[in-house]
Amino acid sequence: MRAGWWKCIAASVPAALALGCATFPDAAETRASAEKIVSASFTAPSPQLLKRLEQDRAQRLCSKVEDAALTQEEAAEVIELARTSIQYPASGKLVGNWKIGEALAHDGAGDRIARGVLEKRKENGGLCQNCHALARGEINVGNVGPALTGFGTKRGNSPETAKYVYEKVYNSWLYFPCSNMPRLGANKHLTSDQITHLVAYLIDPQSPLNR
Ligand code: HEC
């Protein structure tokens with residue numbers, strides 16, 4: 001529906017006759033057609049790939065176009081959805097091996113689409129460096145997120161800090177609804193195991209990040 005067309009006519013029939021009555025599609029309509037255009041332009045033989053065009057409930061809440069700000073209730077729902085998405089390692093051990101974590105944090109590998117099929121050449125990387133500055137002295141640093149340099153030196157390596165980092169990487173929206181940091185565990189980009197190694201890289205005093 002074109003919301004507001006009647007208001008436009010009622011308010012100014014003479015002006016409308018003279019100037020033409022500009023009407024704009026409402027936000028919901030704009031959103032629906034934008035999604036249609038994006039979906040239609042993205043074709044792939046694999047249904048697995050096309051499924052990724054479907055937004056989950058939290059992503060929908062975070063993609064509002066009409067009224068950019070989230071309401072308190074919506075923010076609470078995004079946080080609750082994040083909370084229930086998080087799975088912890090069966091071992092209960094949240095801190096893995098910082099050396100594996102270091103490699104992962106600098107590794108930008110993800111899924112690739114080649115000739116319309118999903119190509120998985122290797123395990124996914126952590127992508128952290130794309131957005132964060134990591135160890136001191138590294139030249140190639142991202143600045144979308146805050147620098148993580150010295151994270152463990154500043155925040156310590158207590159079980160609470162380990163849990164915070166694990167959850168933050170698994171689903172960043174638990175602590176910052178709709179943040180630009182991807183939900184790396186919840187979206188199955190990283191495994192629980194990989195996340196424990198990233199936790200170690202962030203908080204282990206031996207990690208180059210903290211030296
Ligand atoms: C696409 C960009 C992006 C990627 C990739 C990304 N982050 Fe983030 N990250 C952010 C942004 C933006 C913030 C600040 C907002 C927030 O807290 O969500 C942030 C915040 C954080 C915080 C909270 C910082 C604090 O002071 O408490 C941690 C920890 C973190 N990221 C770790 C990581 C790790 C580890 C990785 C890799 C596994 C990673 N991030 C990948 C964008 C990103």
# chains A, B, ... in the order shown; residues from 1 in each chain; ligands from 1
$ residues_near_ligand --ligand "ligand 1" --cutoff "6 Å" --atoms "only C-alpha atoms and all ligand atoms" --output "list in words"
Ala105, Gly126, Leu127, Cys128, Asn130, Cys131, Val144, Gly145, Pro146, Val165, Val169, Ser172, Phe176, Ser179, Asn180, Met181, Pro182 and Leu198 of chain A
$ select_by_dssp --residues "region 59-152 of chain A" --states "alpha helix (DSSP H)" --output "count of residues only"
32
$ residues_around --residues "Val199 (chain A)" --least-positions-apart "4" --cutoff "7 Å" --atoms "only C-alpha atoms" --output "count of residues only"
7
$ closest_residue --among "A:Glu80, A:Glu119, A:Asp111, A:Glu102" --to "Gln194 (chain A)" --atoms "only C-alpha atoms"
A:Glu102
$ closest_residue --among "A:Ala27, A:Gln72, A:Thr196, A:Leu134" --to "Tyr164 (chain A)" --atoms "only C-alpha atoms"
A:Thr196
$ residues_around --residues "Gly152 (chain A)" --least-positions-apart "6" --cutoff "8 Å" --atoms "only C-alpha atoms" --output "PDB file with N, CA, C and O atoms, in the first residue's frame"
ATOM      1  N   LEU A 202      43.310 -14.128  23.277  1.00  0.00           N
ATOM      2  CA  LEU A 202      42.987 -12.816  23.856  1.00  0.00           C
ATOM      3  C   LEU A 202      43.452 -12.665  25.301  1.00  0.00           C
ATOM      4  O   LEU A 202      43.881 -11.582  25.701  1.00  0.00           O
ATOM      5  N   ILE A 203      43.373 -13.751  26.087  1.00  0.00           N
ATOM      6  CA  ILE A 203      43.609 -13.528  27.526  1.00  0.00           C
ATOM      7  C   ILE A 203      44.869 -14.171  28.099  1.00  0.00           C
ATOM      8  O   ILE A 203      45.279 -13.823  29.200  1.00  0.00           O
ATOM      9  N   ASP A 204      45.491 -15.111  27.389  1.00  0.00           N
ATOM     10  CA  ASP A 204      46.681 -15.780  27.950  1.00  0.00           C
ATOM     11  C   ASP A 204      47.840 -14.778  28.070  1.00  0.00           C
ATOM     12  O   ASP A 204      48.160 -14.084  27.101  1.00  0.00           O
ATOM     13  N   PRO A 205      48.469 -14.692  29.255  1.00  0.00           N
ATOM     14  CA  PRO A 205      49.584 -13.750  29.418  1.00  0.00           C
ATOM     15  C   PRO A 205      50.739 -14.046  28.456  1.00  0.00           C
ATOM     16  O   PRO A 205      51.511 -13.144  28.118  1.00  0.00           O
ATOM     17  N   LEU A 209      49.527 -11.088  21.904  1.00  0.00           N
ATOM     18  CA  LEU A 209      48.611  -9.961  22.043  1.00  0.00           C
ATOM     19  C   LEU A 209      48.890  -9.195  23.352  1.00  0.00           C
ATOM     20  O   LEU A 209      48.648  -8.000  23.447  1.00  0.00           O
ATOM     21  N   ASN A 210      49.395  -9.925  24.347  1.00  0.00           N
ATOM     22  CA  ASN A 210      49.586  -9.335  25.678  1.00  0.00           C
ATOM     23  C   ASN A 210      51.061  -9.087  26.022  1.00  0.00           C
ATOM     24  O   ASN A 210      51.399  -8.853  27.165  1.00  0.00           O
TER      25      ASN A 210
END
$ atom_distance --atom1 "CA of Leu148 (chain A)" --atom2 "CA of Pro208 (chain A)"
11.4 Å
$ closest_residue --among "A:Ala114, A:Ile86, A:Ile139, A:Ala34" --to "Gly185 (chain A)" --atoms "only C-alpha atoms"
A:Ile86
$ closest_residue --among "A:Ile79, A:Leu190, A:Ala58, A:Val117" --to "Tyr175 (chain A)" --atoms "only C-alpha atoms"
A:Ile79
$ atom_distance --atom1 "CA of Gly142 (chain A)" --atom2 "CA of Cys178 (chain A)"
19.4 Å
$ closest_residue --among "A:Leu53, A:Ala69, A:Ala44, A:Ala186" --to "Thr84 (chain A)" --atoms "only C-alpha atoms"
A:Ala186
$ atom_distance --atom1 "CA of Arg57 (chain A)" --atom2 "CA of Lys188 (chain A)"
16.3 Å
$ closest_residue --among "A:His189, A:Thr149, A:Ala68, A:Lys168" --to "Gly108 (chain A)" --atoms "only C-alpha atoms"
A:His189
